[in-house]
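The structure appears right after this line, and notes come after that.
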Amino acid sequence: MKNIFIAVLLAGFCSLSGQDFKAYQFYDKKGKEVKADKLIKELAEYDVVFFGENHNSSINHWLQLKVTEGLFQKKNGQIILGAEMFERDNQDQLNQYLNGKFDAKTLKDSARLWNNYATDYKPIVDFAKTKKLSFIATNIPRRYASQTAKEGLESLNTLSDKEKAYIAQLPIKVTLDTPGYQEMKAMMGDHAEGTKVMNFISAQATKDATMAESILKSMQAGKTFIHYNGNYHSKEFGGIYWYIKQKNPNLKMAVISVFESEDPELKVPAKEYIPTDFNLIIPADMTKTF
């Protein structure tokens, strides 16, 4: 009896010690596991790659950097970077930093950097600086998105030509047919006023349309444009992806979406899982940066 008990204990220990602590797993659209080298090889064939993120996920940001480094090698440096986290009117400050004319403190003092910039985005910006890559500030200045949420899309018509240069060309088409926008409407609830709901969705649309226009203006033949954005801006092929498709349906674009999972094996979630081209599954308890 004693020997059986010891055998059971040993079996349990061996099982535990053999456990693999998975930090992430990529899947393709069909639910097949994709290794990092194959992912990079496939992404190199695209004109635009959207790398969705949960803004506070440490592994998400680390993978963005690693995939970018891999694509740089695979494409012999023929890549362009861009991000939601930088607004169009801060492009000059970003360029000054990339060119070595600004140090990190001057950039921080002169641009509207996100609070988690130092931990989550600086490594990618510094990679661009080291490799002399273009890094595009793609997003609308937040004050104009805020104005849209409060006063409506039409209020942007009153801006000066200089201000309008920081926004996608007006008028911006806003439709609930865009993937994700119906979900936004539902999140606001049935009791929210119609005008308020549409202003909120229109504010999101100004961001998506502006980022789409920024990417289209900055693309170069033969180069892959890698764009880092919150998962919501490209999930289900909506948001930025949708606006680019309206302008140039022939571009080859890939979306990497991110999902959290309680499953230690990081299998494809059974619920609320709408895959895109590539799908990153990360542990729900992964370290958060804020």
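Just so we're on the same page: first chain in the structure tokens is A, next is B, and so on; residues restart at 1 for each chain, and ligands are numbered from 1 in the order they show up.
Taking the backbone of this structure through DSSP, the residues of stretch 1-166 of chain A that come out as strand (DSSP E) are Gln25, Phe26, Tyr27, Asp28, Glu33, Val34, Val48, Val49, Phe50, Phe51, Gly52, Glu53, Ile79, Ile80, Leu81, Gly82, Ala83, Glu84, Met85, Phe86, Glu87, Phe135, Ile136, Ala137, Thr138 and Asn139 of chain A.
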Just the selected residues (C-alpha atoms), exported as an mmCIF file, in the first residue's frame, please.
data_model
loop_
_atom_site.group_PDB
_atom_site.id
_atom_site.type_symbol
_atom_site.label_atom_id
_atom_site.label_comp_id
_atom_site.auth_asym_id
_atom_site.auth_seq_id
_atom_site.Cartn_x
_atom_site.Cartn_y
_atom_site.Cartn_z
ATOM 1 C CA GLN A 25 0.375 30.934 -29.163
ATOM 2 C CA PHE A 26 -0.347 32.110 -32.709
ATOM 3 C CA TYR A 27 -3.086 30.500 -34.808
ATOM 4 C CA ASP A 28 -4.105 31.018 -38.420
ATOM 5 C CA GLU A 33 -0.962 26.631 -34.742
ATOM 6 C CA VAL A 34 1.581 28.903 -36.422
ATOM 7 C CA VAL A 48 0.075 46.158 -44.613
ATOM 8 C CA VAL A 49 0.140 44.261 -41.322
ATOM 9 C CA PHE A 50 -2.071 45.344 -38.422
ATOM 10 C CA PHE A 51 -0.714 44.051 -35.120
ATOM 11 C CA GLY A 52 -3.593 44.403 -32.645
ATOM 12 C CA GLU A 53 -2.821 44.761 -28.970
ATOM 13 C CA ILE A 79 9.510 47.954 -43.720
ATOM 14 C CA ILE A 80 7.724 51.069 -42.472
ATOM 15 C CA LEU A 81 6.346 51.391 -38.951
ATOM 16 C CA GLY A 82 3.317 53.303 -37.724
ATOM 17 C CA ALA A 83 1.189 53.443 -34.602
ATOM 18 C CA GLU A 84 -2.073 54.603 -33.107
ATOM 19 C CA MET A 85 -0.125 55.858 -30.091
ATOM 20 C CA PHE A 86 1.310 58.821 -32.008
ATOM 21 C CA GLU A 87 -0.850 61.649 -33.347
ATOM 22 C CA PHE A 135 7.864 55.660 -38.066
ATOM 23 C CA ILE A 136 4.530 57.281 -38.907
ATOM 24 C CA ALA A 137 2.340 59.067 -36.361
ATOM 25 C CA THR A 138 -0.958 57.909 -37.835
ATOM 26 C CA ASN A 139 -3.678 58.947 -35.397
#
Hey, what does DSSP flag as helix (DSSP H, G or I) within stretch 58-285 of chain A? Can you give it to me as a PyMOL selection string?
chain A and resi 58-74+88-98+104-110+117-131+142-151+153-158+161-164+181-187+194-218+231-233+235-237+239-247
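One distance worth recording is that between atom CA of A:Tyr232 and atom CA of A:Asp208, which is 10.0 Å.
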Report as a ChimeraX atom specification all protein, DNA and RNA residues lying within 10 Å of stretch 88-103 of chain A, evaluated on only C-alpha atoms, omitting residues in the same chain fewer than 6 positions from it.
/A:109-113,125-142,163,165-167,210-211,214
Would you mind exporting the chosen residues as a PDB file, in the first residue's frame, restricted to C-alpha atoms?
ATOM      1  CA  ASP A 109       8.363  67.039 -23.063  1.00  0.00           C
ATOM      2  CA  SER A 110       7.281  68.000 -26.589  1.00  0.00           C
ATOM      3  CA  ALA A 111       4.978  65.153 -27.700  1.00  0.00           C
ATOM      4  CA  ARG A 112       1.833  63.687 -26.172  1.00  0.00           C
ATOM      5  CA  LEU A 113       3.270  60.291 -25.288  1.00  0.00           C
ATOM      6  CA  VAL A 125      10.641  53.423 -31.575  1.00  0.00           C
ATOM      7  CA  ASP A 126      14.283  52.883 -30.601  1.00  0.00           C
ATOM      8  CA  PHE A 127      14.491  49.944 -33.009  1.00  0.00           C
ATOM      9  CA  ALA A 128      13.260  52.255 -35.777  1.00  0.00           C
ATOM     10  CA  LYS A 129      15.833  54.852 -34.712  1.00  0.00           C
ATOM     11  CA  THR A 130      18.705  52.347 -34.737  1.00  0.00           C
ATOM     12  CA  LYS A 131      17.718  50.908 -38.123  1.00  0.00           C
ATOM     13  CA  LYS A 132      16.855  54.331 -39.606  1.00  0.00           C
ATOM     14  CA  LEU A 133      13.267  53.327 -40.369  1.00  0.00           C
ATOM     15  CA  SER A 134      10.314  55.631 -40.970  1.00  0.00           C
ATOM     16  CA  PHE A 135       7.864  55.660 -38.066  1.00  0.00           C
ATOM     17  CA  ILE A 136       4.530  57.281 -38.907  1.00  0.00           C
ATOM     18  CA  ALA A 137       2.340  59.067 -36.361  1.00  0.00           C
ATOM     19  CA  THR A 138      -0.958  57.909 -37.835  1.00  0.00           C
ATOM     20  CA  ASN A 139      -3.678  58.947 -35.397  1.00  0.00           C
ATOM     21  CA  ILE A 140      -5.946  61.998 -35.265  1.00  0.00           C
ATOM     22  CA  PRO A 141      -5.028  64.515 -32.541  1.00  0.00           C
ATOM     23  CA  ARG A 142      -7.203  63.489 -29.611  1.00  0.00           C
ATOM     24  CA  GLU A 163      -6.206  71.754 -38.456  1.00  0.00           C
ATOM     25  CA  ALA A 165      -4.623  68.526 -42.394  1.00  0.00           C
ATOM     26  CA  TYR A 166      -4.332  66.412 -39.244  1.00  0.00           C
ATOM     27  CA  ILE A 167      -7.630  64.632 -39.989  1.00  0.00           C
ATOM     28  CA  THR A 210      -7.342  59.092 -40.172  1.00  0.00           C
ATOM     29  CA  MET A 211      -5.075  56.143 -39.410  1.00  0.00           C
ATOM     30  CA  SER A 214      -1.998  58.033 -42.891  1.00  0.00           C
TER      31      SER A 214
END
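If only C-alpha atoms are the atoms counted, then among A:Tyr243, A:Phe290, A:Trp62, A:Phe200 the closest residue to A:Gln147 is A:Phe200.
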Restricting to only C-alpha atoms, whichever of A:Met184, A:Ala212, A:Val268, A:Leu71 is closest to A:Ala168 is A:Ala212
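Our summary of the geometry notes that atom CA of A:Asn248 is positioned 28.2 Å from atom CA of A:Arg143.
Each of A:Ala149, A:Ala44, A:Ala118, A:Leu176 was checked against A:Thr289 using only C-alpha atoms; the smallest atom-to-atom distance is that of A:Ala118.
Here the question is which of A:Lys164, A:Asp47, A:Ser57, A:Lys150 gets nearest to A:Asn116 using only C-alpha atoms, and that residue is A:Ser57.
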